[in-house]
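Q: File coords.cif follows (mmCIF, N, CA and C atoms):
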data_run
#
loop_
_atom_site.label_atom_id
_atom_site.label_comp_id
_atom_site.auth_asym_id
_atom_site.auth_seq_id
_atom_site.Cartn_x
_atom_site.Cartn_y
_atom_site.Cartn_z
N MET D 14 107.48 115.71 92.99
CA MET D 14 106.26 115.79 93.77
C MET D 14 105.05 116.00 92.87
N GLN D 15 105.19 116.90 91.90
CA GLN D 15 104.07 117.18 91.02
C GLN D 15 103.72 115.97 90.17
N LYS D 16 104.74 115.19 89.78
CA LYS D 16 104.51 113.97 89.02
C LYS D 16 103.68 112.98 89.83
N SER D 17 103.99 112.88 91.12
CA SER D 17 103.26 111.98 92.00
C SER D 17 101.80 112.40 92.12
N LEU D 18 101.56 113.70 92.22
CA LEU D 18 100.19 114.19 92.32
C LEU D 18 99.40 113.90 91.05
N HIS D 19 100.03 114.06 89.88
CA HIS D 19 99.35 113.76 88.62
C HIS D 19 99.04 112.27 88.54
N PHE D 20 99.97 111.42 88.97
CA PHE D 20 99.76 109.98 88.96
C PHE D 20 98.60 109.62 89.89
N LEU D 21 98.60 110.19 91.10
CA LEU D 21 97.55 109.92 92.07
C LEU D 21 96.19 110.40 91.55
N ALA D 22 96.16 111.58 90.94
CA ALA D 22 94.92 112.09 90.38
C ALA D 22 94.40 111.17 89.28
N GLY D 23 95.30 110.64 88.48
CA GLY D 23 94.91 109.71 87.42
C GLY D 23 94.33 108.43 87.99
N LEU D 24 94.96 107.90 89.05
CA LEU D 24 94.44 106.69 89.69
C LEU D 24 93.06 106.93 90.26
N LEU D 25 92.87 108.06 90.92
CA LEU D 25 91.56 108.38 91.49
C LEU D 25 90.51 108.49 90.40
N ALA D 26 90.85 109.14 89.31
CA ALA D 26 89.90 109.29 88.21
C ALA D 26 89.52 107.93 87.64
N MET D 27 90.49 107.04 87.49
CA MET D 27 90.19 105.70 86.96
C MET D 27 89.30 104.94 87.93
N GLY D 28 89.57 105.05 89.21
CA GLY D 28 88.77 104.34 90.21
C GLY D 28 87.35 104.84 90.26
N ILE D 29 87.17 106.13 90.19
CA ILE D 29 85.83 106.71 90.27
C ILE D 29 85.01 106.33 89.05
N THR D 30 85.59 106.39 87.88
CA THR D 30 84.83 106.06 86.68
C THR D 30 84.64 104.56 86.53
N GLY D 31 85.43 103.75 87.22
CA GLY D 31 85.32 102.31 87.10
C GLY D 31 84.17 101.72 87.91
N PHE D 32 83.61 102.45 88.85
CA PHE D 32 82.55 101.93 89.69
C PHE D 32 81.19 102.15 89.04
N ALA D 33 80.33 101.16 89.14
CA ALA D 33 78.97 101.29 88.66
C ALA D 33 78.10 101.80 89.80
N GLY D 34 77.11 102.59 89.48
CA GLY D 34 76.20 103.12 90.48
C GLY D 34 75.19 102.09 90.93
N ALA D 35 74.47 102.40 92.00
CA ALA D 35 73.52 101.46 92.59
C ALA D 35 72.46 101.01 91.60
N ASN D 36 71.95 101.93 90.81
CA ASN D 36 70.89 101.56 89.89
C ASN D 36 71.42 100.86 88.64
N GLU D 37 72.72 100.65 88.54
CA GLU D 37 73.31 99.99 87.39
C GLU D 37 73.67 98.55 87.67
N ILE D 38 73.35 98.04 88.84
CA ILE D 38 73.69 96.66 89.17
C ILE D 38 72.40 95.83 89.08
N PRO D 39 72.22 95.12 87.98
CA PRO D 39 70.99 94.33 87.84
C PRO D 39 70.93 93.20 88.87
N GLY D 40 69.76 93.01 89.44
CA GLY D 40 69.55 91.92 90.38
C GLY D 40 69.97 92.21 91.81
N ALA D 41 70.49 93.39 92.10
CA ALA D 41 70.89 93.71 93.47
C ALA D 41 69.65 93.84 94.35
N GLN D 42 69.68 93.20 95.52
CA GLN D 42 68.55 93.26 96.45
C GLN D 42 69.06 93.62 97.84
N SER D 43 68.46 94.64 98.42
CA SER D 43 68.83 94.99 99.79
C SER D 43 67.64 94.75 100.70
N THR D 44 67.92 94.19 101.87
CA THR D 44 66.90 93.95 102.88
C THR D 44 67.36 94.60 104.16
N MET D 45 66.52 95.46 104.70
CA MET D 45 66.84 96.14 105.96
C MET D 45 65.66 95.94 106.90
N ARG D 46 65.78 94.93 107.76
CA ARG D 46 64.71 94.59 108.69
C ARG D 46 65.27 94.40 110.08
N GLY D 47 64.54 94.88 111.06
CA GLY D 47 65.00 94.74 112.44
C GLY D 47 66.32 95.46 112.62
N SER D 48 67.36 94.71 112.92
CA SER D 48 68.67 95.31 113.09
C SER D 48 69.65 94.84 112.01
N GLU D 49 69.13 94.12 111.01
CA GLU D 49 70.02 93.54 110.00
C GLU D 49 69.97 94.29 108.67
N VAL D 50 71.15 94.55 108.14
CA VAL D 50 71.30 95.09 106.79
C VAL D 50 71.90 93.96 105.95
N ARG D 51 71.18 93.53 104.94
CA ARG D 51 71.65 92.44 104.07
C ARG D 51 71.52 92.90 102.62
N ILE D 52 72.61 92.74 101.89
CA ILE D 52 72.61 93.10 100.47
C ILE D 52 73.11 91.90 99.69
N ALA D 53 72.31 91.49 98.70
CA ALA D 53 72.66 90.34 97.87
C ALA D 53 72.75 90.79 96.42
N LEU D 54 73.84 90.41 95.79
CA LEU D 54 74.02 90.65 94.37
C LEU D 54 73.80 89.32 93.66
N GLY D 55 73.71 89.33 92.36
CA GLY D 55 73.51 88.10 91.62
C GLY D 55 74.76 87.24 91.60
N ASN D 56 74.69 86.10 90.95
CA ASN D 56 75.80 85.16 90.87
C ASN D 56 76.99 85.70 90.07
N ASP D 57 76.81 86.81 89.39
CA ASP D 57 77.89 87.39 88.58
C ASP D 57 78.86 88.22 89.41
N TYR D 58 78.71 88.23 90.74
CA TYR D 58 79.54 89.07 91.59
C TYR D 58 80.19 88.23 92.70
N SER D 59 81.33 88.69 93.17
CA SER D 59 82.04 88.00 94.25
C SER D 59 82.88 89.02 95.01
N GLY D 60 83.45 88.58 96.13
CA GLY D 60 84.32 89.46 96.91
C GLY D 60 83.61 90.68 97.43
N VAL D 61 82.50 90.46 98.13
CA VAL D 61 81.64 91.56 98.59
C VAL D 61 82.14 92.09 99.95
N THR D 62 82.31 93.41 100.03
CA THR D 62 82.65 94.07 101.29
C THR D 62 81.52 95.05 101.62
N LEU D 63 80.94 94.91 102.80
CA LEU D 63 79.88 95.80 103.26
C LEU D 63 80.39 96.55 104.48
N SER D 64 80.29 97.86 104.44
CA SER D 64 80.68 98.66 105.61
C SER D 64 79.56 99.63 105.95
N ILE D 65 79.37 99.86 107.24
CA ILE D 65 78.33 100.77 107.73
C ILE D 65 78.96 101.70 108.76
N SER D 66 78.67 102.99 108.63
CA SER D 66 79.13 103.95 109.62
C SER D 66 77.92 104.71 110.16
N GLY D 67 78.04 105.18 111.40
CA GLY D 67 76.92 105.86 112.02
C GLY D 67 77.35 106.82 113.10
N PRO D 68 76.39 107.25 113.92
CA PRO D 68 76.65 108.25 114.96
C PRO D 68 77.71 107.81 115.96
N ASN D 69 78.38 108.80 116.54
CA ASN D 69 79.39 108.60 117.59
C ASN D 69 80.49 107.63 117.19
N GLY D 70 80.90 107.69 115.93
CA GLY D 70 82.02 106.89 115.47
C GLY D 70 81.73 105.43 115.21
N PHE D 71 80.46 105.05 115.15
CA PHE D 71 80.13 103.65 114.88
C PHE D 71 80.65 103.25 113.50
N TYR D 72 81.28 102.08 113.43
CA TYR D 72 81.76 101.55 112.15
C TYR D 72 81.79 100.03 112.23
N ALA D 73 81.21 99.40 111.23
CA ALA D 73 81.24 97.94 111.13
C ALA D 73 81.53 97.57 109.69
N LYS D 74 82.28 96.48 109.51
CA LYS D 74 82.68 96.07 108.17
C LYS D 74 82.73 94.55 108.11
N THR D 75 82.28 93.99 106.99
CA THR D 75 82.35 92.55 106.80
C THR D 75 82.73 92.24 105.36
N PHE D 76 83.33 91.08 105.16
CA PHE D 76 83.74 90.64 103.83
C PHE D 76 83.20 89.24 103.58
N SER D 77 82.79 89.01 102.35
CA SER D 77 82.32 87.68 101.95
C SER D 77 82.91 87.34 100.59
N LYS D 78 83.39 86.12 100.43
CA LYS D 78 83.89 85.69 99.12
C LYS D 78 82.74 85.51 98.14
N GLY D 79 81.54 85.33 98.65
CA GLY D 79 80.35 85.11 97.83
C GLY D 79 79.78 86.40 97.28
N SER D 80 78.46 86.38 97.01
CA SER D 80 77.81 87.52 96.36
C SER D 80 76.87 88.28 97.29
N SER D 81 76.91 88.01 98.60
CA SER D 81 76.06 88.76 99.53
C SER D 81 76.80 88.97 100.85
N ALA D 82 76.35 89.98 101.58
CA ALA D 82 76.94 90.28 102.88
C ALA D 82 75.86 90.88 103.78
N SER D 83 76.03 90.70 105.09
CA SER D 83 75.07 91.28 106.03
C SER D 83 75.78 91.69 107.31
N ILE D 84 75.19 92.68 107.96
CA ILE D 84 75.67 93.15 109.26
C ILE D 84 74.46 93.34 110.16
N ASP D 85 74.53 92.80 111.37
CA ASP D 85 73.51 93.00 112.38
C ASP D 85 73.97 94.18 113.23
N LEU D 86 73.22 95.26 113.20
CA LEU D 86 73.62 96.49 113.89
C LEU D 86 73.78 96.30 115.39
N ILE D 87 72.85 95.59 116.01
CA ILE D 87 72.92 95.40 117.46
C ILE D 87 74.14 94.58 117.84
N ARG D 88 74.39 93.48 117.13
CA ARG D 88 75.56 92.65 117.41
C ARG D 88 76.87 93.42 117.17
N ALA D 89 76.82 94.37 116.22
CA ALA D 89 78.01 95.17 115.91
C ALA D 89 78.20 96.33 116.88
N GLY D 90 77.21 96.55 117.79
CA GLY D 90 77.36 97.58 118.80
C GLY D 90 76.69 98.91 118.51
N ALA D 91 75.81 98.97 117.51
CA ALA D 91 75.11 100.22 117.19
C ALA D 91 73.99 100.44 118.19
N ARG D 92 74.12 101.47 119.00
CA ARG D 92 73.10 101.77 120.01
C ARG D 92 72.50 103.16 119.82
N GLU D 93 73.21 104.02 119.13
CA GLU D 93 72.77 105.41 118.97
C GLU D 93 71.72 105.53 117.88
N SER D 94 70.80 106.46 118.07
CA SER D 94 69.79 106.76 117.05
C SER D 94 70.36 107.79 116.09
N GLY D 95 70.03 107.65 114.82
CA GLY D 95 70.49 108.61 113.84
C GLY D 95 70.65 108.02 112.45
N LEU D 96 71.35 108.76 111.63
CA LEU D 96 71.56 108.39 110.24
C LEU D 96 72.78 107.47 110.12
N TYR D 97 72.60 106.35 109.45
CA TYR D 97 73.67 105.39 109.19
C TYR D 97 73.89 105.34 107.68
N THR D 98 75.13 105.19 107.28
CA THR D 98 75.48 105.14 105.86
C THR D 98 76.13 103.79 105.57
N TYR D 99 75.73 103.18 104.45
CA TYR D 99 76.35 101.91 104.07
C TYR D 99 77.02 102.03 102.71
N GLU D 100 78.02 101.19 102.51
CA GLU D 100 78.71 101.11 101.23
C GLU D 100 79.05 99.65 100.97
N LEU D 101 78.76 99.19 99.78
CA LEU D 101 79.07 97.83 99.39
C LEU D 101 79.92 97.87 98.14
N THR D 102 81.03 97.15 98.14
CA THR D 102 81.86 97.03 96.95
C THR D 102 82.00 95.55 96.62
N ALA D 103 82.15 95.25 95.34
CA ALA D 103 82.29 93.86 94.90
C ALA D 103 82.98 93.84 93.54
N ALA D 104 83.36 92.65 93.14
CA ALA D 104 83.95 92.45 91.81
C ALA D 104 82.92 91.74 90.94
N SER D 105 82.73 92.22 89.74
CA SER D 105 81.82 91.56 88.81
C SER D 105 82.58 90.47 88.06
N SER D 106 81.86 89.62 87.36
CA SER D 106 82.52 88.57 86.59
C SER D 106 83.11 89.13 85.29
N GLU D 107 82.71 90.35 84.96
CA GLU D 107 83.24 91.02 83.76
C GLU D 107 84.69 91.43 84.01
N THR D 108 85.54 91.27 83.01
CA THR D 108 86.94 91.69 83.16
C THR D 108 87.26 92.78 82.15
N THR D 109 88.26 93.54 82.49
CA THR D 109 88.77 94.58 81.61
C THR D 109 90.27 94.39 81.50
N ILE D 110 90.83 94.79 80.40
CA ILE D 110 92.26 94.65 80.17
C ILE D 110 92.94 95.98 80.45
N ASP D 111 93.95 95.94 81.28
CA ASP D 111 94.74 97.13 81.59
C ASP D 111 95.59 97.46 80.37
N PRO D 112 95.48 98.68 79.85
CA PRO D 112 96.27 99.03 78.67
C PRO D 112 97.77 99.11 78.95
N ASN D 113 98.16 99.25 80.20
CA ASN D 113 99.56 99.33 80.59
C ASN D 113 99.86 98.33 81.70
N PRO D 114 99.82 97.02 81.38
CA PRO D 114 100.06 96.04 82.44
C PRO D 114 101.48 96.12 82.98
N MET D 115 101.62 95.79 84.26
CA MET D 115 102.91 95.80 84.91
C MET D 115 103.38 94.35 85.07
N ASN D 116 104.65 94.12 84.94
CA ASN D 116 105.19 92.79 85.16
C ASN D 116 105.24 92.57 86.66
N ASN D 117 104.31 91.74 87.17
CA ASN D 117 104.25 91.50 88.60
C ASN D 117 104.91 90.18 89.00
N GLY D 118 105.59 89.54 88.06
CA GLY D 118 106.30 88.31 88.35
C GLY D 118 105.43 87.08 88.41
N ARG D 119 104.16 87.19 88.02
CA ARG D 119 103.24 86.06 88.10
C ARG D 119 103.00 85.41 86.74
N GLY D 120 103.78 85.78 85.77
CA GLY D 120 103.61 85.20 84.44
C GLY D 120 102.60 85.98 83.63
N SER D 121 102.30 85.46 82.46
CA SER D 121 101.41 86.19 81.55
C SER D 121 99.96 85.76 81.67
N ALA D 122 99.63 84.83 82.57
CA ALA D 122 98.26 84.34 82.70
C ALA D 122 97.28 85.45 83.06
N ASP D 123 97.71 86.39 83.86
CA ASP D 123 96.83 87.48 84.26
C ASP D 123 97.29 88.80 83.64
N ALA D 124 97.77 88.75 82.45
CA ALA D 124 98.37 89.88 81.74
C ALA D 124 97.48 91.12 81.74
N GLY D 125 97.30 91.71 82.88
CA GLY D 125 96.56 92.97 82.96
C GLY D 125 95.06 92.82 83.01
N ALA D 126 94.53 91.61 83.10
CA ALA D 126 93.08 91.44 83.19
C ALA D 126 92.64 91.70 84.63
N THR D 127 91.63 92.55 84.79
CA THR D 127 91.12 92.91 86.10
C THR D 127 89.61 92.80 86.11
N LYS D 128 89.05 92.30 87.20
CA LYS D 128 87.59 92.25 87.32
C LYS D 128 87.07 93.67 87.53
N VAL D 129 85.96 93.97 86.90
CA VAL D 129 85.37 95.30 86.98
C VAL D 129 84.67 95.47 88.33
N PRO D 130 85.04 96.51 89.10
CA PRO D 130 84.43 96.72 90.41
C PRO D 130 83.06 97.38 90.30
N VAL D 131 82.21 97.12 91.29
CA VAL D 131 80.90 97.77 91.40
C VAL D 131 80.74 98.29 92.82
N MET D 132 79.86 99.26 93.00
CA MET D 132 79.66 99.84 94.31
C MET D 132 78.19 100.22 94.50
N LEU D 133 77.67 99.99 95.68
CA LEU D 133 76.35 100.44 96.11
C LEU D 133 76.55 101.28 97.36
N SER D 134 75.76 102.32 97.52
CA SER D 134 75.82 103.08 98.76
C SER D 134 74.47 103.71 99.03
N GLY D 135 74.25 104.04 100.28
CA GLY D 135 73.00 104.67 100.66
C GLY D 135 72.99 104.94 102.14
N SER D 136 71.83 105.33 102.64
CA SER D 136 71.72 105.63 104.06
C SER D 136 70.35 105.21 104.58
N PHE D 137 70.26 105.09 105.90
CA PHE D 137 69.01 104.73 106.55
C PHE D 137 69.06 105.26 107.98
N TYR D 138 67.90 105.33 108.61
CA TYR D 138 67.81 105.75 110.01
C TYR D 138 67.64 104.52 110.89
N ALA D 139 68.25 104.58 112.06
CA ALA D 139 68.10 103.51 113.04
C ALA D 139 67.95 104.14 114.42
N GLU D 140 67.15 103.48 115.26
CA GLU D 140 66.96 103.91 116.65
C GLU D 140 67.30 102.75 117.56
N GLY D 141 68.30 102.92 118.40
CA GLY D 141 68.71 101.87 119.33
C GLY D 141 69.13 100.60 118.62
N GLY D 142 69.69 100.71 117.43
CA GLY D 142 70.14 99.55 116.68
C GLY D 142 69.08 98.94 115.78
N LEU D 143 67.85 99.42 115.85
CA LEU D 143 66.77 98.91 115.00
C LEU D 143 66.50 99.89 113.86
N ILE D 144 66.39 99.36 112.67
CA ILE D 144 66.19 100.20 111.48
C ILE D 144 64.78 100.75 111.49
N ASP D 145 64.67 102.06 111.31
CA ASP D 145 63.39 102.76 111.28
C ASP D 145 62.96 102.86 109.82
N ASP D 146 62.07 101.94 109.40
CA ASP D 146 61.65 101.88 108.00
C ASP D 146 60.98 103.16 107.52
N LYS D 147 60.12 103.75 108.34
CA LYS D 147 59.39 104.94 107.92
C LYS D 147 60.33 106.12 107.71
N ALA D 148 61.26 106.33 108.62
CA ALA D 148 62.22 107.44 108.48
C ALA D 148 63.13 107.20 107.27
N SER D 149 63.52 105.95 107.03
CA SER D 149 64.38 105.62 105.90
C SER D 149 63.67 105.86 104.58
N GLN D 150 62.37 105.50 104.51
CA GLN D 150 61.61 105.72 103.29
C GLN D 150 61.43 107.21 103.02
N ALA D 151 61.23 108.01 104.07
CA ALA D 151 61.12 109.45 103.89
C ALA D 151 62.43 110.03 103.37
N GLU D 152 63.57 109.51 103.83
CA GLU D 152 64.88 109.96 103.38
C GLU D 152 65.06 109.65 101.89
N GLU D 153 64.59 108.46 101.44
CA GLU D 153 64.73 108.07 100.04
C GLU D 153 63.95 108.99 99.12
N LYS D 154 62.79 109.49 99.58
CA LYS D 154 61.96 110.36 98.74
C LYS D 154 62.56 111.75 98.58
N ASN D 155 63.37 112.20 99.53
CA ASN D 155 63.97 113.54 99.47
C ASN D 155 65.13 113.61 98.53
#
What does the file become when written as structure tokens?
A:
Amino acid sequence: MQKSLHFLAGLLAMGITGFAGANEIPGAQSTMRGSEVRIALGNDYSGVTLSISGPNGFYAKTFSKGSSASIDLIRAGARESGLYTYELTAASSETTIDPNPMNNGRGSADAGATKVPVMLSGSFYAEGGLIDDKASQAEEKN
């Protein structure tokens, strides 16, 4: 049991240190207008997943093979006013080599090479599914 916990702790540590912060992704652009949250990364990124959570258990998630993703809050069912949190994950074109590759039966072509993951996250206020720009800007300053 203790061995499993050490292994799990190691995996978590690798995952946390492997993600780049929001200000470390060059060219990332987020647009939050009306009821739409759209985040676009540059051409060096793919496999984008955008998820948003909010009041009263609201949760929406979308995936794109490309470098951008968007969610329309009203279409996704967001009606409550309050703080919403978003998270975007993607794979960069940069690869890293796993020092301890596992034989996965797929040959040596992908011998431990993994795309480096990136992550963006933040929050905003919305009222009735519409993004409140003024409240969101005040939140960013705090």
Q: Given only C-alpha atoms as the basis, pick out the residue of D:Ala53, D:Ala126, D:Leu133, D:Met45 nearest to Ser81 in chain D.
A: D:Ala53
Q: Please determine, counting all atoms listed in the file, which residue among D:Ile38, D:Leu101, D:Ile144, D:Val129 has the shortest atom-to-atom distance to Ser64 in chain D.
A: D:Leu101
Q: Of the candidates D:Glu49, D:Glu140, D:Glu93, D:Asp57, which shows the shortest atom-to-atom distance to Asn69 in chain D, using only N, CA and C atoms?
A: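 Of all the options, D:Glu93 lies closest to Asn69 in chain D.
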Q: Which residue gives the smallest distance to Gly79 in chain D among D:Thr108, D:Ser59, D:Ser48, D:Asn113, with only N, CA and C atoms counted?
A: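 Nearest candidate to Gly79 in chain D out of D:Thr108, D:Ser59, D:Ser48, D:Asn113: D:Ser59.
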Q: Record the distance separating CA of Ser134 in chain D and CA of Thr98 in chain D, expressed in Å with one decimal.
A: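 Taking CA of Ser134 in chain D as the start and CA of Thr98 in chain D as the end point, the length is 7.4 Å.
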Q: Find the residues near Lys128 in chain D: any atom within 8 Å, counting only N, CA and C atoms, skip ones fewer than 3 places away on the same chain, and give them as a VMD selection string.
A: chain D and resid 103 to 110 125 131
Q: Keeping N, CA and C atoms, export the residues of the selection given above as a CSV table (one decimal), keeping the file's coordinate frame.
A:
chain,number,residue,atom,x,y,z
D,103,ALA,N,82.2,95.2,95.3
D,103,ALA,CA,82.3,93.9,94.9
D,103,ALA,C,83.0,93.8,93.5
D,104,ALA,N,83.4,92.6,93.1
D,104,ALA,CA,84.0,92.4,91.8
D,104,ALA,C,82.9,91.7,90.9
D,105,SER,N,82.7,92.2,89.7
D,105,SER,CA,81.8,91.6,88.8
D,105,SER,C,82.6,90.5,88.1
D,106,SER,N,81.9,89.6,87.4
D,106,SER,CA,82.5,88.6,86.6
D,106,SER,C,83.1,89.1,85.3
D,107,GLU,N,82.7,90.4,85.0
D,107,GLU,CA,83.2,91.0,83.8
D,107,GLU,C,84.7,91.4,84.0
D,108,THR,N,85.5,91.3,83.0
D,108,THR,CA,86.9,91.7,83.2
D,108,THR,C,87.3,92.8,82.2
D,109,THR,N,88.3,93.5,82.5
D,109,THR,CA,88.8,94.6,81.6
D,109,THR,C,90.3,94.4,81.5
D,110,ILE,N,90.8,94.8,80.4
D,110,ILE,CA,92.3,94.6,80.2
D,110,ILE,C,92.9,96.0,80.4
D,125,GLY,N,97.3,91.7,82.9
D,125,GLY,CA,96.6,93.0,83.0
D,125,GLY,C,95.1,92.8,83.0
D,131,VAL,N,82.2,97.1,91.3
D,131,VAL,CA,80.9,97.8,91.4
D,131,VAL,C,80.7,98.3,92.8
Q: What does the distance from CA of Leu96 in chain D to CA of Ser77 in chain D come to in Å, to one decimal?
A: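 Calculated distance between CA of Leu96 in chain D and CA of Ser77 in chain D is 24.8 Å.
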Q: Go through D:Tyr99, D:Ala139, D:Asp145, D:Gly90 and flag the residue nearest Leu63 in chain D, using only C-alpha atoms for the distances.
A: D:Tyr99
Q: Considering all atoms listed in the file, state which residue in the set D:Gly55, D:Pro112, D:Pro68, D:Gly47 is at the smallest distance from Ser94 in chain D.
A: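 So, comparing all the options, the nearest one is D:Pro68.
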Q: Assuming 3 Å of padding per side, give the centre and edge lengths of the axis-aligned box around every listed atom of range 73-77 of chain D, in Å to one decimal and as AutoDock Vina command-line options.
A:
--center_x 82.5 --center_y 93.4 --center_z 105.9 --size_x 8.5 --size_y 18.1 --size_z 16.6
Q: Which value, in Å to one decimal, gives the distance between atom C of Gly141 in chain D and atom N of Lys78 in chain D?
A: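 Atom-to-atom, atom C of Gly141 in chain D to atom N of Lys78 in chain D, that is 27.3 Å.
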Q: Run through the PyMOL selection byres ((chain D and resi 84) around 6.5) on the given coordinates and return the selected residues as a PyMOL selection string.
A: chain D and resi 48-51+82-83+85-87
Q: On this file, the PyMOL selection byres ((chain D and resi 41) around 8) gives some set of residues; write that set as a ChimeraX atom specification.
A: /D:35,37-40,42-44,52-55
